[in-house]
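J.: Structure supplied as final_21.txt; contents: compact mmCIF, C-alpha atoms.
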```txt
# COMPACT_ATOMS: atom_id res chain seq x y z
CA MET A 1 20.90 -0.84 -114.96
CA SER A 2 19.43 -4.14 -113.76
CA LYS A 3 20.57 -7.54 -114.93
CA HIS A 4 17.08 -8.16 -116.26
CA HIS A 5 17.36 -5.05 -118.40
CA THR A 6 20.76 -6.08 -119.74
CA VAL A 7 19.55 -9.56 -120.62
CA PHE A 8 16.51 -8.16 -122.36
CA ARG A 9 18.64 -5.71 -124.32
CA ALA A 10 20.76 -8.65 -125.50
CA LEU A 11 17.60 -10.47 -126.54
CA TYR A 12 16.50 -7.39 -128.47
CA GLU A 13 19.80 -7.03 -130.27
CA ALA A 14 19.85 -10.70 -131.20
CA HIS A 15 16.32 -10.91 -132.49
CA VAL A 16 15.20 -7.50 -133.68
CA ASP A 17 16.03 -8.43 -137.28
CA PHE A 18 13.99 -11.59 -136.96
CA VAL A 19 11.02 -9.67 -135.61
CA TRP A 20 11.33 -6.93 -138.24
CA ARG A 21 11.55 -9.35 -141.15
CA ASN A 22 8.63 -11.44 -140.05
CA LEU A 23 6.41 -8.47 -139.41
CA ARG A 24 7.17 -7.28 -142.93
CA ARG A 25 6.48 -10.70 -144.47
CA LEU A 26 3.25 -10.98 -142.50
CA GLY A 27 1.94 -7.89 -144.23
CA ILE A 28 2.95 -4.95 -142.03
CA PRO A 29 3.83 -1.93 -144.20
CA GLU A 30 7.33 -0.61 -143.75
CA SER A 31 6.05 2.67 -142.33
CA ASP A 32 4.36 0.77 -139.49
CA THR A 33 7.06 -1.81 -138.90
CA PRO A 34 9.14 0.19 -136.36
CA ASP A 35 6.07 0.75 -134.20
CA LYS A 36 5.00 -2.86 -134.44
CA THR A 37 8.53 -4.07 -133.70
CA GLN A 38 8.53 -1.95 -130.56
CA GLU A 39 5.12 -3.34 -129.64
CA VAL A 40 6.40 -6.91 -129.98
CA PHE A 41 9.31 -6.20 -127.65
CA VAL A 42 7.20 -4.32 -125.12
CA VAL A 43 4.88 -7.34 -124.97
CA ALA A 44 7.90 -9.65 -124.79
CA HIS A 45 9.30 -7.61 -121.90
CA ARG A 46 6.03 -7.86 -120.04
CA HIS A 47 6.09 -11.67 -120.29
CA PHE A 48 9.84 -12.13 -120.17
CA ALA A 49 9.75 -13.59 -116.68
CA GLN A 50 7.45 -16.38 -117.86
CA PHE A 51 9.55 -17.22 -120.92
CA GLU A 52 10.87 -20.79 -120.91
CA ASP A 53 13.42 -21.89 -123.44
CA ARG A 54 12.29 -25.27 -124.74
CA GLY A 55 15.45 -25.84 -126.69
CA HIS A 56 14.76 -23.63 -129.70
CA GLY A 57 15.74 -20.31 -128.16
CA PRO A 58 13.38 -17.36 -127.91
CA ARG A 59 12.52 -17.23 -131.62
CA ALA A 60 9.52 -19.54 -131.34
CA TRP A 61 8.21 -17.48 -128.43
CA LEU A 62 8.84 -14.17 -130.19
CA PHE A 63 7.21 -15.43 -133.35
CA GLN A 64 4.02 -16.15 -131.43
CA ILE A 65 3.97 -12.50 -130.36
CA VAL A 66 4.78 -11.37 -133.89
CA LEU A 67 1.85 -13.38 -135.22
CA ARG A 68 -0.55 -11.77 -132.75
CA VAL A 69 0.70 -8.23 -133.33
CA ALA A 70 0.58 -8.68 -137.10
CA SER A 71 -2.88 -10.17 -136.92
CA GLU A 72 -4.17 -7.27 -134.83
CA ALA A 73 -2.56 -4.79 -137.19
CA ARG A 74 -4.21 -6.42 -140.18
CA ARG A 75 -7.59 -6.35 -138.47
CA HIS A 76 -7.09 -2.70 -137.52
CA LYS A 77 -6.10 -1.88 -141.08
CA LYS A 78 -9.24 -3.52 -142.39
CA ARG A 79 -11.39 -1.48 -140.04
CA HIS A 80 -9.47 1.77 -140.55
CA PRO A 81 -8.05 1.75 -144.07
CA GLU A 82 -5.92 4.90 -143.90
CA ASP A 83 -3.89 4.17 -147.02
CA ALA A 84 -5.66 2.53 -149.89
CA ASP A 85 -2.39 0.96 -150.99
CA GLY A 86 -1.41 -0.22 -147.53
CA GLY A 87 1.25 2.44 -147.11
CA VAL A 88 3.21 1.62 -150.23
CA ALA A 89 3.02 5.19 -151.53
CA GLN A 90 4.08 6.48 -148.14
CA ASP A 91 7.03 4.14 -148.20
CA ARG A 92 8.01 5.37 -151.61
CA GLN A 93 7.87 8.99 -150.56
CA SER A 94 10.60 8.32 -148.06
CA ILE A 95 13.03 7.23 -150.76
CA SER A 96 15.36 9.83 -152.15
CA ALA A 97 15.82 9.95 -155.91
CA ASP A 98 19.37 8.70 -155.93
CA GLN A 99 18.64 5.53 -154.03
CA THR A 100 18.02 3.46 -157.11
CA GLY A 101 19.49 0.30 -155.61
CA ALA A 102 17.31 0.69 -152.57
CA ILE A 103 14.28 1.34 -154.76
CA ALA A 104 14.87 -1.81 -156.76
CA ARG A 105 15.29 -3.77 -153.56
CA ARG A 106 12.13 -2.37 -152.12
CA GLU A 107 10.21 -3.13 -155.27
CA ALA A 108 11.48 -6.69 -155.15
CA MET A 109 10.36 -6.97 -151.54
CA ALA A 110 7.04 -5.37 -152.40
CA GLU A 111 6.57 -7.97 -155.10
CA LEU A 112 7.47 -10.78 -152.74
CA ASP A 113 5.08 -9.42 -150.13
CA ARG A 114 2.28 -9.14 -152.68
CA ALA A 115 2.84 -12.76 -153.61
CA LEU A 116 3.03 -13.81 -149.97
CA ALA A 117 -0.15 -11.91 -149.22
CA THR A 118 -2.05 -14.32 -151.46
CA ILE A 119 -1.03 -17.23 -149.26
CA ASP A 120 -2.98 -18.15 -146.14
CA VAL A 121 -1.24 -16.87 -142.99
CA GLY A 122 -0.75 -20.36 -141.57
CA ARG A 123 1.06 -21.60 -144.67
CA ARG A 124 2.83 -18.28 -145.16
CA SER A 125 4.28 -18.47 -141.66
CA VAL A 126 5.69 -21.93 -142.34
CA LEU A 127 7.15 -20.82 -145.65
CA VAL A 128 8.77 -17.69 -144.23
CA LEU A 129 10.13 -19.41 -141.14
CA HIS A 130 11.66 -22.13 -143.26
CA GLU A 131 12.81 -20.27 -146.36
CA VAL A 132 13.72 -16.91 -144.85
CA GLU A 133 14.50 -17.67 -141.23
CA GLU A 134 16.01 -21.07 -141.99
CA MET A 135 14.22 -22.70 -139.12
CA THR A 136 13.96 -26.47 -139.11
CA ALA A 137 10.63 -28.22 -139.39
CA PRO A 138 10.64 -29.30 -135.70
CA GLU A 139 11.40 -25.70 -134.71
CA ILE A 140 8.50 -24.46 -136.81
CA ALA A 141 6.22 -27.10 -135.36
CA GLU A 142 7.18 -25.85 -131.90
CA SER A 143 6.76 -22.19 -132.85
CA LEU A 144 3.33 -22.63 -134.35
CA SER A 145 2.19 -25.45 -132.06
CA ILE A 146 1.31 -27.69 -134.98
CA PRO A 147 2.25 -31.30 -135.83
CA LEU A 148 5.44 -31.90 -137.76
CA ASN A 149 3.61 -33.43 -140.72
CA THR A 150 1.46 -30.34 -140.96
CA VAL A 151 4.61 -28.27 -141.28
CA TYR A 152 5.74 -30.35 -144.24
CA SER A 153 2.39 -30.28 -145.98
CA ARG A 154 1.94 -26.55 -145.45
CA LEU A 155 5.44 -25.91 -146.72
CA ARG A 156 4.85 -27.92 -149.88
CA VAL A 157 1.58 -26.15 -150.66
CA ALA A 158 2.96 -22.71 -149.78
CA ARG A 159 5.88 -23.13 -152.16
CA LEU A 160 3.52 -23.98 -155.00
CA GLU A 161 1.32 -21.03 -154.15
CA LEU A 162 4.29 -18.66 -154.04
CA GLU A 163 5.50 -19.81 -157.43
CA GLN A 164 2.03 -19.43 -158.84
CA ALA A 165 1.56 -15.96 -157.36
CA LEU A 166 4.91 -14.75 -158.69
CA ARG A 167 4.08 -16.15 -162.09
CA ASN A 168 0.74 -14.38 -162.05
CA SER A 169 2.27 -11.07 -161.09
CA GLY A 170 3.21 -10.67 -164.75
CA GLU A 171 6.45 -8.88 -164.26
CA TYR A 172 8.55 -11.57 -162.74
CA PRO A 173 11.64 -9.53 -162.16
CA ALA A 174 14.55 -11.23 -163.81
CA MET A 175 15.88 -7.76 -164.36
CA ARG A 176 15.81 -7.07 -160.66
CA GLU A 177 18.18 -9.88 -159.92
CA THR A 178 21.09 -7.57 -160.57
CA SER A 179 19.85 -4.73 -158.43
CA ILE A 180 18.91 -7.08 -155.62
CA ARG A 181 22.43 -8.38 -155.54
CA ALA A 182 23.53 -4.90 -154.60
CA GLY A 183 22.19 -5.81 -151.13
CA GLY A 184 22.23 -3.58 -148.06
CA THR A 185 20.04 -2.59 -145.16
CA ARG A 186 17.27 -0.05 -144.68
CA MET B 1 16.93 -21.81 -146.62
CA ASN B 2 16.98 -24.68 -149.07
CA GLY B 3 14.66 -23.39 -151.77
CA GLU B 4 13.60 -26.96 -152.51
CA GLY B 5 10.68 -26.93 -154.92
CA LEU B 6 11.13 -23.24 -155.64
CA GLY B 7 12.30 -21.58 -158.83
CA PRO B 8 15.57 -19.66 -158.87
CA GLN B 9 13.88 -16.28 -158.82
CA ALA B 10 11.63 -17.08 -155.89
CA THR B 11 14.68 -18.39 -154.10
CA SER B 12 16.49 -15.18 -154.89
CA LEU B 13 13.65 -13.07 -153.55
CA LEU B 14 13.49 -15.09 -150.36
CA ARG B 15 17.24 -14.77 -149.94
CA GLU B 16 16.93 -11.05 -150.34
CA ALA B 17 14.13 -11.09 -147.77
CA HIS B 18 16.60 -12.56 -145.30
CA ARG B 19 18.71 -9.42 -145.72
CA ASP B 20 15.72 -7.16 -145.12
CA VAL B 21 16.73 -5.76 -141.74
CA PRO B 22 16.42 -2.37 -140.08
CA SER B 23 19.33 0.03 -140.24
CA HIS B 24 21.50 0.64 -137.21
CA SER B 25 19.92 4.01 -136.48
CA ARG B 26 16.45 2.53 -136.76
CA ARG B 27 17.35 -0.29 -134.40
CA THR B 28 18.54 2.30 -131.87
CA GLU B 29 15.38 4.35 -132.30
CA MET B 30 13.21 1.30 -131.84
CA TRP B 31 15.08 0.29 -128.71
CA GLN B 32 14.47 3.74 -127.28
CA GLY B 33 10.80 3.28 -128.05
CA VAL B 34 10.81 -0.12 -126.36
CA GLU B 35 12.51 1.33 -123.30
CA ALA B 36 9.97 4.15 -123.14
CA GLY B 37 7.12 1.66 -123.45
CA VAL B 38 8.60 -0.64 -120.84
CA VAL B 39 9.27 2.20 -118.39
CA GLY B 40 5.73 3.57 -118.85
CA THR B 41 4.19 0.15 -118.24
CA ALA B 42 6.43 -0.57 -115.27
CA ALA B 43 5.70 2.82 -113.72
CA ALA B 44 1.96 2.28 -114.01
CA ALA B 45 2.24 -1.25 -112.64
CA GLY B 46 4.52 -0.09 -109.83
CA THR B 47 2.14 2.66 -108.82
CA PHE B 48 -0.76 0.23 -108.73
CA LYS B 49 1.25 -2.32 -106.73
CA ALA B 50 2.21 0.35 -104.23
CA LEU B 51 -1.42 1.05 -103.42
CA SER B 52 -2.85 -0.70 -100.41
CA GLY B 53 -5.76 -3.09 -100.77
CA LEU B 54 -8.20 -0.59 -99.31
CA THR B 55 -7.02 2.12 -101.68
CA LYS B 56 -7.52 -0.23 -104.61
CA VAL B 57 -11.05 -0.97 -103.46
CA LEU B 58 -11.76 2.74 -103.06
CA LEU B 59 -10.24 3.43 -106.45
CA GLY B 60 -12.50 0.76 -107.92
CA VAL B 61 -15.54 2.26 -106.25
CA VAL B 62 -14.66 5.75 -107.50
CA ILE B 63 -14.02 4.58 -111.05
CA GLY B 64 -17.14 2.39 -111.02
CA GLY B 65 -19.25 5.22 -109.64
CA ALA B 66 -17.94 7.64 -112.19
CA LEU B 67 -18.67 5.13 -114.93
CA VAL B 68 -22.25 4.58 -113.77
CA ALA B 69 -22.84 8.32 -113.38
CA GLY B 70 -21.34 8.98 -116.78
CA LEU B 71 -23.45 6.31 -118.45
CA THR B 72 -26.58 7.58 -116.76
CA ALA B 73 -25.84 11.14 -117.75
CA THR B 74 -25.10 10.02 -121.28
CA LEU B 75 -28.08 7.78 -121.80
CA LEU B 76 -31.02 9.37 -120.00
CA PRO B 77 -30.93 13.12 -119.42
CA PRO B 78 -29.45 14.08 -122.79
CA LYS B 79 -32.20 12.14 -124.53
CA LEU B 80 -34.75 13.90 -122.41
CA ASN B 81 -33.00 17.19 -122.93
CA ASP B 82 -32.93 16.51 -126.66
CA ASP B 83 -36.66 16.00 -126.58
CA LEU B 84 -37.11 19.24 -124.72
CA SER B 85 -34.71 21.10 -126.94
CA MET B 86 -36.98 20.36 -129.87
CA ILE B 87 -39.44 22.83 -128.41
CA ASP B 88 -38.99 26.04 -130.36
CA HIS B 89 -39.56 28.55 -127.56
CA PRO B 90 -39.19 26.77 -124.28
CA SER B 91 -41.46 28.09 -121.57
CA ARG B 92 -40.22 28.66 -118.04
CA PRO B 93 -41.49 25.24 -116.93
CA VAL B 94 -39.44 23.58 -119.66
CA MET B 95 -36.41 25.49 -118.47
CA VAL B 96 -37.16 24.26 -114.96
CA VAL B 97 -37.29 20.69 -116.18
CA ARG B 98 -33.87 21.15 -117.67
CA GLU B 99 -32.61 22.56 -114.40
CA VAL B 100 -34.06 19.62 -112.53
CA LEU B 101 -32.38 17.21 -114.88
CA LEU B 102 -29.05 18.86 -114.31
CA ALA B 103 -29.52 19.11 -110.54
CA PRO B 104 -27.57 16.65 -108.37
CA ALA B 105 -29.60 13.70 -107.15
CA VAL B 106 -30.66 13.66 -103.50
CA THR B 107 -30.11 10.35 -101.74
CA LEU B 108 -33.39 9.09 -100.42
CA GLY B 109 -34.36 6.37 -98.02
CA THR B 110 -31.18 6.47 -96.00
CA GLY B 111 -33.05 6.67 -92.77
CA THR B 112 -31.28 9.91 -91.92
CA THR B 113 -33.22 13.11 -92.24
CA THR B 114 -31.28 16.01 -93.64
CA ASP B 115 -32.24 19.50 -94.59
CA THR B 116 -32.88 18.38 -98.10
CA ASP B 117 -34.93 15.37 -97.09
CA LEU B 118 -38.65 15.36 -96.79
CA GLU B 119 -39.89 15.50 -93.25
CA LEU B 120 -42.13 12.51 -93.64
CA GLY B 121 -44.90 12.17 -91.16
CA ASN B 122 -45.21 15.89 -91.15
CA ASP B 123 -48.76 16.47 -92.22
CA GLU B 124 -48.04 20.08 -92.99
CA ASN B 125 -45.70 19.06 -95.76
CA VAL B 126 -48.09 16.57 -97.19
CA ASP B 127 -50.85 19.12 -97.01
CA SER B 128 -48.75 21.58 -98.87
CA LEU B 129 -48.21 18.93 -101.49
CA VAL B 130 -51.81 18.08 -102.18
CA GLY B 131 -53.91 20.36 -100.02
CA SER B 132 -55.33 22.79 -102.53
CA ALA B 133 -55.50 20.51 -105.51
CA GLY B 134 -58.80 18.92 -104.75
CA VAL B 135 -57.08 15.81 -103.45
CA ASP B 136 -58.49 14.49 -100.25
CA GLY B 137 -57.90 11.58 -97.98
CA VAL B 138 -54.24 12.20 -97.28
CA ARG B 139 -52.84 9.45 -95.11
CA THR B 140 -49.34 9.41 -93.76
CA ASN B 141 -47.87 6.07 -92.83
CA PRO B 142 -44.50 6.24 -91.10
CA SER B 143 -43.99 2.47 -91.06
CA ASN B 144 -41.45 0.80 -93.25
CA HIS B 145 -42.83 -0.40 -96.55
CA GLY B 146 -39.54 -1.38 -98.09
CA SER B 147 -40.95 -4.23 -100.10
CA ALA B 148 -43.53 -2.05 -101.77
CA GLY B 149 -41.65 1.17 -101.88
CA GLY B 150 -38.33 0.05 -103.24
CA VAL B 151 -34.91 -0.51 -101.77
CA GLY B 152 -34.00 1.49 -98.72
CA SER B 153 -37.40 3.01 -98.28
CA GLY B 154 -37.41 3.96 -94.66
CA HIS B 155 -40.78 5.66 -94.72
CA HIS B 156 -43.79 5.42 -96.92
CA THR B 157 -46.39 8.05 -97.51
CA THR B 158 -49.63 7.16 -99.19
CA VAL B 159 -51.60 9.87 -100.90
CA ASN B 160 -55.04 8.83 -101.96
CA ALA B 161 -55.68 11.11 -104.88
CA ASN B 162 -59.34 10.32 -105.40
CA GLY B 163 -59.89 13.71 -106.87
CA ALA B 164 -57.56 12.83 -109.68
CA GLY B 165 -59.65 9.88 -110.65
CA GLY B 166 -57.68 7.07 -109.05
CA SER B 167 -55.45 5.95 -106.25
CA THR B 168 -51.88 7.10 -106.42
CA ASN B 169 -49.20 6.23 -103.94
CA LEU B 170 -46.44 8.66 -103.23
CA ASN B 171 -43.35 7.26 -101.61
CA ARG B 172 -39.81 8.40 -101.07
CA SER B 173 -38.06 5.27 -102.23
CA GLY B 174 -36.35 7.10 -105.03
CA ASN B 175 -37.67 4.61 -107.54
CA PRO B 176 -41.16 4.75 -108.93
CA ASN B 177 -42.16 1.14 -109.20
CA ALA B 178 -44.62 -0.91 -111.15
CA SER B 179 -47.18 -0.96 -108.38
CA GLY B 180 -48.03 2.65 -109.15
CA ASN B 181 -45.95 4.31 -106.48
CA VAL B 182 -44.71 7.75 -107.41
CA ASN B 183 -41.60 9.36 -106.06
CA ALA B 184 -43.05 12.64 -104.92
CA ALA B 185 -40.17 13.37 -102.55
CA PRO B 186 -41.52 16.81 -101.74
CA ASN B 187 -39.23 19.20 -100.02
CA ALA B 188 -40.54 21.62 -97.42
CA HIS B 189 -38.90 24.45 -99.29
CA GLU B 190 -39.53 23.13 -102.75
CA ASP B 191 -41.21 25.47 -105.14
CA PRO B 192 -44.48 23.91 -106.39
CA LEU B 193 -43.45 24.59 -109.96
CA VAL B 194 -40.09 22.90 -109.43
CA ARG B 195 -41.86 19.90 -107.93
CA GLU B 196 -44.29 19.81 -110.83
CA ALA B 197 -41.39 20.02 -113.25
CA ARG B 198 -39.65 17.19 -111.47
CA LEU B 199 -42.76 15.03 -111.70
CA VAL B 200 -43.09 15.81 -115.40
CA ALA B 201 -39.44 14.83 -115.83
CA GLU B 202 -40.12 11.60 -113.95
CA ALA B 203 -43.14 10.90 -116.13
CA ARG B 204 -41.05 11.46 -119.19
CA GLY B 205 -38.41 9.17 -117.74
CA ALA B 206 -41.05 6.47 -117.19
CA LEU B 207 -42.10 6.83 -120.82
CA LEU B 208 -38.51 6.51 -121.92
CA ARG B 209 -38.20 3.38 -119.81
CA GLY B 210 -41.26 1.98 -121.57
CA ASP B 211 -43.59 2.27 -118.59
CA PRO B 212 -46.58 4.37 -119.76
CA SER B 213 -48.80 3.26 -116.85
CA GLN B 214 -46.32 4.65 -114.38
CA ALA B 215 -46.05 7.82 -116.45
CA LEU B 216 -49.81 8.29 -116.22
CA ASN B 217 -49.74 7.82 -112.46
CA ILE B 218 -46.99 10.40 -112.09
CA LEU B 219 -48.83 12.80 -114.39
CA LYS B 220 -51.96 12.54 -112.28
CA VAL B 221 -49.99 13.65 -109.26
CA ALA B 222 -48.26 16.38 -111.26
CA ARG B 223 -51.59 17.76 -112.38
CA SER B 224 -52.74 17.95 -108.79
CA THR B 225 -50.20 20.70 -108.21
CA PRO B 226 -51.73 23.98 -107.08
CA ASN B 227 -51.69 26.45 -109.96
CA PRO B 228 -50.16 24.00 -112.41
CA GLY B 229 -47.71 25.64 -114.79
CA MET B 230 -46.87 22.78 -117.07
CA GLU B 231 -50.22 21.62 -118.28
CA PRO B 232 -49.27 21.56 -121.97
CA GLU B 233 -46.30 19.31 -121.22
CA GLU B 234 -48.42 17.13 -118.98
CA LEU B 235 -51.19 16.79 -121.56
CA ALA B 236 -48.69 15.99 -124.30
CA LEU B 237 -47.08 13.30 -122.17
CA GLN B 238 -50.47 11.96 -121.16
CA ALA B 239 -51.47 11.62 -124.80
CA ARG B 240 -48.21 9.87 -125.56
CA ALA B 241 -48.61 7.49 -122.63
CA LEU B 242 -52.20 6.69 -123.59
CA ARG B 243 -51.16 6.05 -127.15
CA GLU B 244 -48.45 3.67 -125.94
CA LEU B 245 -51.05 1.87 -123.86
CA GLY B 246 -53.19 1.45 -126.96
CA SER B 247 -55.89 3.93 -125.94
CA LYS B 248 -55.85 5.81 -129.22
CA ALA B 249 -59.28 7.42 -128.79
CA GLU B 250 -58.39 8.77 -125.35
CA ALA B 251 -55.03 9.98 -126.63
CA ASP B 252 -56.72 11.83 -129.47
CA ALA B 253 -59.16 13.41 -127.02
CA VAL B 254 -56.31 14.60 -124.82
CA GLU B 255 -54.49 16.03 -127.81
CA LYS B 256 -57.62 17.86 -128.91
CA ASP B 257 -57.96 19.23 -125.40
CA LEU B 258 -54.35 20.35 -125.53
CA ALA B 259 -54.86 22.04 -128.89
CA ARG B 260 -58.03 23.71 -127.73
CA ARG B 261 -56.67 25.01 -124.45
CA PHE B 262 -53.16 25.90 -125.57
CA PRO B 263 -53.38 26.67 -129.30
CA GLU B 264 -50.19 28.75 -129.26
CA ASN B 265 -48.05 26.16 -127.57
CA SER B 266 -45.56 24.35 -129.75
CA LEU B 267 -46.70 21.03 -128.29
CA SER B 268 -50.13 21.62 -129.79
CA ARG B 269 -48.81 21.61 -133.34
```
Could I get this file's structure written as structure tokens?
T.:
Amino acid sequence: MSKHHTVFRALYEAHVDFVWRNLRRLGIPESDTPDKTQEVFVVAHRHFAQFEDRGHGPRAWLFQIVLRVASEARRHKKRHPEDADGGVAQDRQSISADQTGAIARREAMAELDRALATIDVGRRSVLVLHEVEEMTAPEIAESLSIPLNTVYSRLRVARLELEQALRNSGEYPAMRETSIRAGGTR
Amino acid sequence: MNGEGLGPQATSLLREAHRDVPSHSRRTEMWQGVEAGVVGTAAAAGTFKALSGLTKVLLGVVIGGALVAGLTATLLPPKLNDDLSMIDHPSRPVMVVREVLLAPAVTLGTGTTTDTDLELGNDENVDSLVGSAGVDGVRTNPSNHGSAGGVGSGHHTTVNANGAGGSTNLNRSGNPNASGNVNAAPNAHEDPLVREARLVAEARGALLRGDPSQALNILKVARSTPNPGMEPEELALQARALRELGSKAEADAVEKDLARRFPENSLSR
């Protein structure tokens, strides 16, 4: 196994969660996320030799690929709407009856994603990178190639929009707090 | 995650989103998929890199040629074939046209005479082409008329078809052009009916290309064939070409002639 391969495997292990989460928050249905995650890393592998770490690690670079893959997937979905609900029903079918904790968690995520979907992708990216990925504003500015002040303004607006969208959803899930705390992975 | 400016529940959802990660088995599966994708890409790239420059050029030529041939076959003959297939009971000439359309193209104007090429300058051949059709004044000109006859035209044969009511040039350039030249490309062994069918197909092709004048020129030559077997098709195309040229009265007259002479033919209906 080549050194290049080993290094890339380490990159994959370190950042696959990051890629997965951001694809999900950028509107990729769970059923498609494994394929899209693979696609991101295949593209990353192709350009790995050109990757330059500018001090923020590979996350900024990977996020650029994630944005493109998610954008293409959304466009494809618009042109070829296979599932009217965006794959939600398909996702649900894969849940066994006794996984109530997992169901509650998924519903919470579905609600978050519905709320996020109402926010423009540019602002949504800033919000997710800051609030979920805990990236700093300079890191986000680097990742999205935008000025620092734009990061702050987008973040402020996106927070308001998220609050508003969750409020409008009608069933703001106070009751899900408990089930969410159960935590776990998929 | 600082949650500044966010309510506690939004903060909670975003915190939960941070824990939204793939399971271990899914991570492994995805890595296998990535490896497969990477290996497939690398193998394809490696194969391409291994090819020499000349091979790449040849590969490009082959792929390009196939693409052009495919596009041509897709765009032109099927349309023509579709037109022909609308005829309820195709006559033998129609079948011949179909055969001609499906036949491989013969390269013309290469300067090398092959068995399939026309022996230009051979008066016997030209005579056999027009001799008994009331066309006189056959003149064979072996000089190069590339500029008038199209690219690669090594020879040029002019047939003055006065008997057909006008002057029609026959050349072997492979491309009927706007000056009224018609690609007769007669073969010494070519069946007159096959040649007539080919000319009808060319006329139809000219119509499809939006060149009714050229279609009329080709049709005049086609109708000079001894014992013409495709007169209904020729008359129908002539009417169509005239109509496209704006000669409605003439087109109507030709259609009436078609209906009168071939009342049973599907083209007369």
J.: Here is a test: counting all atoms listed in the file, which residue of B:Val39, B:Leu193, B:Pro228, B:Leu245 is nearest to His45 (chain A)?
T.: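 Looking only at the distances to His45 (chain A), the closest residue turns out to be B:Val39.
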J.: Show me, as an MDAnalysis selection string, the residues of chain B whose atoms get within 12 Å of chain A, using all atoms listed in the file for the distance check.
T.: chainID B and resid 1:42 45
J.: Using all atoms listed in the file, find the one residue out of B:Gln238, B:Asn227, B:Gln214, B:Thr72 that sits nearest to Ala253 (chain B).
T.: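 Result for the nearest residue to Ala253 (chain B): B:Gln238.
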J.: Measure the distance from CA of Val157 (chain A) to CA of Ser143 (chain A) in Å and round it to one decimal.
T.: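 Here the two named atoms are 19.0 Å from each other.
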J.: So how many Å separate CA of Gly60 (chain B) and CA of Arg209 (chain B), to one decimal?
T.: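 According to the coordinates, CA of Gly60 (chain B) and CA of Arg209 (chain B) are separated by 28.4 Å.
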J.: For a test of reading the model, state the distance in Å between CA of Leu199 (chain B) and CA of Leu267 (chain B), rounded to one decimal.
T.: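 CA of Leu267 (chain B) lies 18.1 Å from CA of Leu199 (chain B).
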J.: Scan for residues within 12 Å of the point (-45.5, 16.4, -113.2) in the coordinates of the file, using all atoms listed in the file, and reply as a PyMOL selection string.
T.: chain B and resi 93-94+96-97+100+182-184+192-206+214-226+228-238
